[in-house]
Amino acid sequence: ASEKVDTFKAQPSGTNLNVLFGHNALTQAPLNWEPTNTAKFMNTNTGIIGTMGTGKTQFTKSVITQLYRNQADNVNSASIGMLIFDYKSDYVDDKFQQATAGKKFNLHKLPYNPLSLFGDTPMLPVHTARGFSETMGKAFNLGQKQQLRLRKLVGEAYELAGIRKADPSSWTKAAPTIADVWALFIETEPDEDSLYAALESLYELEIFEDDNTKCMSLYDLVDGITVVELAGYPSEIQNLV
């Protein structure tokens with residue numbers, strides 16, 4: 001399920017995109033971050049560290065809210081998209097969602113199909129199948145043989161959907177879903193091993209939407225401030241997502 005409330009319309013200020021990080025403890029001078037000003041910050045990678053209870057989450061919320069509110073000062077006034085993986089339900093409260101016009105999703109029928117095809121890379125279905133099987137392998141500690149079996153299952157699912165790996169004109173057809181892969185897998189009467197457990201988890205928990213008409217691309221999913229709530233799910237599922 002998702003919610004979106006548009007409560008704020010940013011206006012260009014004529015200055016660089018600016019975020020107030022805080023104040024100097026001695027002089028009280030403001031400490032500002034200008035992520036688009038390469039004259040001051042050539043590398044804008046930022047880490048937030050601190051012990052429990054020091055305000056890391058509140059600081060992060062403040063940064064995100066300011067980036068959203070000041071996005072009109074971004075280069076070419078381009079909108080700012082953010083994808084937040086929320087492990088402790090810190091970013092799903094109404095106040096933060098309203099302040100950022102955020103969208104929030106939980107891990108039930110997330111409107112994204114990991115087997116969807118985007119781009120024009122030669123043999124794209126093969127690359128997508130490999131990427132999915134490798135990600136599943138890392139998340140669920142699958143061996144090479146299990147990853148190979150999963151790749152073949154995904155490849156077969158593409159073929160049954162009319163998607164041919166070397167024919168880009170077929171890539172626009174509806175991609176197979178996790179439910180399709182699970183159905184093919186069960187037909188083989190598999191052993192109940194770690195691959196079985198991994199696919200069964202995705203299928204039974206209905207992590208991803210199985211109706212392609214309700215799915216969106218990753219680019220659309222991260223349009224604006226998007227929060228994916230991971231709290232309460234096994235670490236393997238969290239890592240996969």
# chains A, B, ... in the order shown; residues from 1 in each chain; ligands from 1
call {"tool": "closest_atom_pairs", "arguments": {"of": "stretch 69-118 of chain A", "to": "stretch 202-214 of chain A", "cutoff": "12 Å", "atoms": "only C-alpha atoms", "output": "CSV"}}
result
residue,atom,partner,partner_atom,distance
A:Phe105,CA,A:Ile207,CA,10.8
A:Asn106,CA,A:Ile207,CA,8.7
A:Leu107,CA,A:Ile207,CA,5.2
A:His108,CA,A:Ile207,CA,4.7
A:Lys109,CA,A:Glu209,CA,3.9
A:Leu110,CA,A:Phe208,CA,4.7
A:Pro111,CA,A:Glu209,CA,5.2
A:Tyr112,CA,A:Phe208,CA,6.1
A:Asn113,CA,A:Phe208,CA,6.3
A:Pro114,CA,A:Phe208,CA,8.0
A:Leu115,CA,A:Phe208,CA,10.4
A:Ser116,CA,A:Asn212,CA,8.9
A:Leu117,CA,A:Asn212,CA,11.8
call {"tool": "write_last_selection", "arguments": {"atoms": "C-alpha atoms", "output": "tab-separated table (two decimals), in the first residue's frame"}}
result
chain	number	residue	atom	x	y	z
A	105	PHE	CA	5.46	0.81	0.86
A	106	ASN	CA	5.63	-2.29	2.97
A	107	LEU	CA	6.91	-5.64	1.76
A	108	HIS	CA	3.60	-6.99	0.56
A	109	LYS	CA	3.02	-6.75	-3.17
A	110	LEU	CA	5.73	-4.13	-3.62
A	111	PRO	CA	4.81	-2.69	-7.06
A	112	TYR	CA	8.05	-3.78	-8.70
A	113	ASN	CA	8.86	-6.91	-10.69
A	114	PRO	CA	12.55	-7.84	-10.32
A	115	LEU	CA	12.31	-9.76	-13.60
A	116	SER	CA	11.07	-6.77	-15.63
A	117	LEU	CA	13.26	-5.76	-18.54
call {"tool": "residues_around", "arguments": {"residues": "A:Gly81", "least_positions_apart": "6", "cutoff": "10 Å", "atoms": "only C-alpha atoms", "output": "NGL selection string"}}
result
:A and (67-68 or 71 or 219-226)
call {"tool": "closest_residue", "arguments": {"among": "A:Ser194, A:Trp171, A:Val227, A:Ser235", "to": "A:Lys104", "atoms": "only C-alpha atoms"}}
result
A:Val227
call {"tool": "atom_distance", "arguments": {"atom1": "atom CA of A:Asp86", "atom2": "atom CA of A:Thr51"}}
result
18.5 Å
call {"tool": "select_by_dssp", "arguments": {"residues": "stretch 67-203 of chain A", "states": "helix (DSSP H, G or I)", "output": "number ranges by chain"}}
result
A: 67-69, 71-73, 75-77, 94-100, 124-140, 144-160, 168-170, 178-187, 194-203
call {"tool": "residues_around", "arguments": {"residues": "A:Tyr196", "least_positions_apart": "5", "cutoff": "9 Å", "atoms": "only C-alpha atoms", "output": "JSON, numbers by chain"}}
result
{"A": [185, 186, 190, 191, 201]}
call {"tool": "closest_residue", "arguments": {"among": "A:Gly47, A:Gly131, A:Gly143, A:Pro125", "to": "A:Gly162", "atoms": "only C-alpha atoms"}}
result
A:Pro125
call {"tool": "residues_around", "arguments": {"residues": "stretch 16-30 of chain A", "least_positions_apart": "6", "cutoff": "9 Å", "atoms": "only C-alpha atoms", "output": "ChimeraX atom specification"}}
result
/A:36-37,59,62-63,66-67,70-75
call {"tool": "write_last_selection", "arguments": {"atoms": "C-alpha atoms", "output": "PDB file, in the first residue's frame"}}
result
ATOM      1  CA  THR A  36      25.686  20.926  -5.869  1.00  0.00           C
ATOM      2  CA  ASN A  37      28.471  23.449  -5.172  1.00  0.00           C
ATOM      3  CA  PHE A  59      19.323  14.543  11.710  1.00  0.00           C
ATOM      4  CA  SER A  62      16.022  16.937   8.713  1.00  0.00           C
ATOM      5  CA  VAL A  63      18.467  16.555   5.815  1.00  0.00           C
ATOM      6  CA  GLN A  66      15.428  20.171   3.602  1.00  0.00           C
ATOM      7  CA  LEU A  67      16.531  18.542   0.342  1.00  0.00           C
ATOM      8  CA  ASN A  70      14.855  23.173  -1.354  1.00  0.00           C
ATOM      9  CA  GLN A  71      14.889  20.988  -4.469  1.00  0.00           C
ATOM     10  CA  ALA A  72      13.924  23.948  -6.657  1.00  0.00           C
ATOM     11  CA  ASP A  73      17.539  25.102  -6.106  1.00  0.00           C
ATOM     12  CA  ASN A  74      18.866  21.837  -7.539  1.00  0.00           C
ATOM     13  CA  VAL A  75      20.692  21.964 -10.891  1.00  0.00           C
TER      14      VAL A  75
END
call {"tool": "residues_around", "arguments": {"residues": "A:Tyr158", "least_positions_apart": "5", "cutoff": "9 Å", "atoms": "only C-alpha atoms", "output": "ChimeraX atom specification"}}
result
/A:115,125,153,163-165,175-176
call {"tool": "residues_around", "arguments": {"residues": "A:Phe96", "least_positions_apart": "6", "cutoff": "8 Å", "atoms": "only C-alpha atoms", "output": "list of chain:residue names"}}
result
A:Lys61, A:Thr65, A:Gly102
call {"tool": "write_last_selection", "arguments": {"atoms": "N, CA and C atoms", "output": "PDB file, in the first residue's frame"}}
result
ATOM      1  N   LYS A  61      16.374  12.767   8.994  1.00  0.00           N
ATOM      2  CA  LYS A  61      15.055  13.263   8.598  1.00  0.00           C
ATOM      3  C   LYS A  61      15.118  14.740   8.218  1.00  0.00           C
ATOM      4  N   THR A  65      14.243  16.237   4.553  1.00  0.00           N
ATOM      5  CA  THR A  65      13.168  17.225   4.443  1.00  0.00           C
ATOM      6  C   THR A  65      13.670  18.508   3.803  1.00  0.00           C
ATOM      7  N   GLY A 102       5.861  12.138   0.914  1.00  0.00           N
ATOM      8  CA  GLY A 102       6.461  10.829   0.675  1.00  0.00           C
ATOM      9  C   GLY A 102       5.477   9.745   0.282  1.00  0.00           C
TER      10      GLY A 102
END
call {"tool": "select_by_dssp", "arguments": {"residues": "stretch 74-222 of chain A", "states": "strand (DSSP E or B)", "output": "list of chain:residue names"}}
result
A:Met82, A:Leu83, A:Ile84, A:Phe85, A:Asp86, A:Lys103, A:Lys104, A:Phe105, A:Asn106, A:Leu110, A:Phe208
call {"tool": "write_last_selection", "arguments": {"atoms": "N, CA and C atoms", "output": "tab-separated table (two decimals), in the first residue's frame"}}
result
chain	number	residue	atom	x	y	z
A	82	MET	N	14.56	10.02	-3.73
A	82	MET	CA	15.28	9.27	-2.69
A	82	MET	C	14.55	7.97	-2.40
A	83	LEU	N	15.33	6.93	-2.20
A	83	LEU	CA	14.79	5.63	-1.82
A	83	LEU	C	15.33	5.30	-0.44
A	84	ILE	N	14.45	5.17	0.54
A	84	ILE	CA	14.84	4.93	1.93
A	84	ILE	C	14.44	3.52	2.33
A	85	PHE	N	15.41	2.71	2.71
A	85	PHE	CA	15.12	1.38	3.25
A	85	PHE	C	15.03	1.53	4.77
A	86	ASP	N	13.83	1.37	5.28
A	86	ASP	CA	13.54	1.67	6.68
A	86	ASP	C	13.48	0.37	7.49
A	103	LYS	N	6.03	8.71	-0.32
A	103	LYS	CA	5.29	7.48	-0.60
A	103	LYS	C	5.88	6.41	0.30
A	104	LYS	N	5.04	5.57	0.85
A	104	LYS	CA	5.57	4.49	1.68
A	104	LYS	C	4.98	3.15	1.24
A	105	PHE	N	5.85	2.15	1.25
A	105	PHE	CA	5.46	0.81	0.86
A	105	PHE	C	5.93	-0.17	1.92
A	106	ASN	N	5.13	-1.19	2.15
A	106	ASN	CA	5.63	-2.29	2.97
A	106	ASN	C	5.95	-3.46	2.04
A	110	LEU	N	4.96	-5.30	-3.21
A	110	LEU	CA	5.73	-4.13	-3.62
A	110	LEU	C	5.58	-3.98	-5.14
A	208	PHE	N	6.69	-9.29	-3.86
A	208	PHE	CA	6.57	-8.48	-5.07
A	208	PHE	C	5.19	-8.67	-5.71
call {"tool": "atom_distance", "arguments": {"atom1": "atom CA of A:Ala161", "atom2": "atom CA of A:Glu187"}}
result
16.8 Å
call {"tool": "closest_residue", "arguments": {"among": "A:Thr54, A:Met136, A:Ser169, A:Asp180", "to": "A:Glu156", "atoms": "only C-alpha atoms"}}
result
A:Asp180
call {"tool": "closest_residue", "arguments": {"among": "A:Gln147, A:Ser217, A:Lys152, A:Val181", "to": "A:Leu195", "atoms": "only C-alpha atoms"}}
result
A:Gln147
call {"tool": "decode", "arguments": {"residues": "stretch 178-238 of chain A", "atoms": "C-alpha atoms", "output": "PDB file, in the first residue's frame"}}
result
ATOM      1  CA  ILE A 178       7.982 -14.638  -9.026  1.00  0.00           C
ATOM      2  CA  ALA A 179       4.722 -16.623  -9.037  1.00  0.00           C
ATOM      3  CA  ASP A 180       5.523 -17.872 -12.547  1.00  0.00           C
ATOM      4  CA  VAL A 181       9.027 -18.943 -11.532  1.00  0.00           C
ATOM      5  CA  TRP A 182       7.662 -20.672  -8.424  1.00  0.00           C
ATOM      6  CA  ALA A 183       5.112 -22.584 -10.526  1.00  0.00           C
ATOM      7  CA  LEU A 184       7.847 -23.842 -12.855  1.00  0.00           C
ATOM      8  CA  PHE A 185      10.006 -24.766  -9.885  1.00  0.00           C
ATOM      9  CA  ILE A 186       7.270 -26.767  -8.151  1.00  0.00           C
ATOM     10  CA  GLU A 187       6.581 -28.711 -11.357  1.00  0.00           C
ATOM     11  CA  THR A 188      10.058 -30.230 -11.045  1.00  0.00           C
ATOM     12  CA  GLU A 189       9.178 -31.740  -7.639  1.00  0.00           C
ATOM     13  CA  PRO A 190      12.288 -30.196  -6.068  1.00  0.00           C
ATOM     14  CA  ASP A 191      14.050 -31.131  -2.859  1.00  0.00           C
ATOM     15  CA  GLU A 192      13.271 -28.831   0.052  1.00  0.00           C
ATOM     16  CA  ASP A 193      16.716 -27.225   0.086  1.00  0.00           C
ATOM     17  CA  SER A 194      17.861 -23.613   0.468  1.00  0.00           C
ATOM     18  CA  LEU A 195      16.696 -22.688  -3.058  1.00  0.00           C
ATOM     19  CA  TYR A 196      13.265 -24.084  -2.207  1.00  0.00           C
ATOM     20  CA  ALA A 197      13.215 -22.069   1.023  1.00  0.00           C
ATOM     21  CA  ALA A 198      14.277 -18.880  -0.779  1.00  0.00           C
ATOM     22  CA  LEU A 199      11.674 -19.047  -3.536  1.00  0.00           C
ATOM     23  CA  GLU A 200       8.999 -20.241  -1.125  1.00  0.00           C
ATOM     24  CA  SER A 201       9.635 -17.184   1.068  1.00  0.00           C
ATOM     25  CA  LEU A 202       9.198 -14.768  -1.834  1.00  0.00           C
ATOM     26  CA  TYR A 203       6.104 -16.565  -3.092  1.00  0.00           C
ATOM     27  CA  GLU A 204       4.303 -17.180   0.195  1.00  0.00           C
ATOM     28  CA  LEU A 205       4.984 -13.716   1.620  1.00  0.00           C
ATOM     29  CA  GLU A 206       3.985 -12.120  -1.717  1.00  0.00           C
ATOM     30  CA  ILE A 207       6.882  -9.673  -1.468  1.00  0.00           C
ATOM     31  CA  PHE A 208       6.566  -8.476  -5.071  1.00  0.00           C
ATOM     32  CA  GLU A 209       3.392  -7.653  -6.997  1.00  0.00           C
ATOM     33  CA  ASP A 210       2.390 -10.481  -9.361  1.00  0.00           C
ATOM     34  CA  ASP A 211       0.139  -8.304 -11.539  1.00  0.00           C
ATOM     35  CA  ASN A 212       2.347  -6.567 -14.105  1.00  0.00           C
ATOM     36  CA  THR A 213      -0.266  -3.884 -14.712  1.00  0.00           C
ATOM     37  CA  LYS A 214       0.280  -2.701 -11.132  1.00  0.00           C
ATOM     38  CA  CYS A 215       4.082  -2.676 -11.340  1.00  0.00           C
ATOM     39  CA  MET A 216       6.304   0.297 -12.067  1.00  0.00           C
ATOM     40  CA  SER A 217       9.898   0.739 -13.085  1.00  0.00           C
ATOM     41  CA  LEU A 218      12.551   1.379 -10.464  1.00  0.00           C
ATOM     42  CA  TYR A 219      12.875   4.910 -11.874  1.00  0.00           C
ATOM     43  CA  ASP A 220       9.192   5.580 -11.201  1.00  0.00           C
ATOM     44  CA  LEU A 221       9.394   3.925  -7.802  1.00  0.00           C
ATOM     45  CA  VAL A 222      12.094   6.365  -6.635  1.00  0.00           C
ATOM     46  CA  ASP A 223      10.370   9.444  -8.043  1.00  0.00           C
ATOM     47  CA  GLY A 224      10.177  11.736  -5.016  1.00  0.00           C
ATOM     48  CA  ILE A 225      10.730  10.506  -1.467  1.00  0.00           C
ATOM     49  CA  THR A 226      10.001   6.776  -1.273  1.00  0.00           C
ATOM     50  CA  VAL A 227      10.167   4.714   1.920  1.00  0.00           C
ATOM     51  CA  VAL A 228      10.225   0.913   1.856  1.00  0.00           C
ATOM     52  CA  GLU A 229       9.439  -0.443   5.321  1.00  0.00           C
ATOM     53  CA  LEU A 230      11.534  -3.532   6.069  1.00  0.00           C
ATOM     54  CA  ALA A 231      10.781  -3.910   9.782  1.00  0.00           C
ATOM     55  CA  GLY A 232       9.520  -7.300  10.874  1.00  0.00           C
ATOM     56  CA  TYR A 233      10.868  -9.305   7.945  1.00  0.00           C
ATOM     57  CA  PRO A 234      13.666 -11.901   7.978  1.00  0.00           C
ATOM     58  CA  SER A 235      17.157 -10.553   7.271  1.00  0.00           C
ATOM     59  CA  GLU A 236      17.334 -12.598   4.049  1.00  0.00           C
ATOM     60  CA  ILE A 237      14.261 -10.832   2.675  1.00  0.00           C
ATOM     61  CA  GLN A 238      15.568  -7.439   3.809  1.00  0.00           C
TER      62      GLN A 238
END
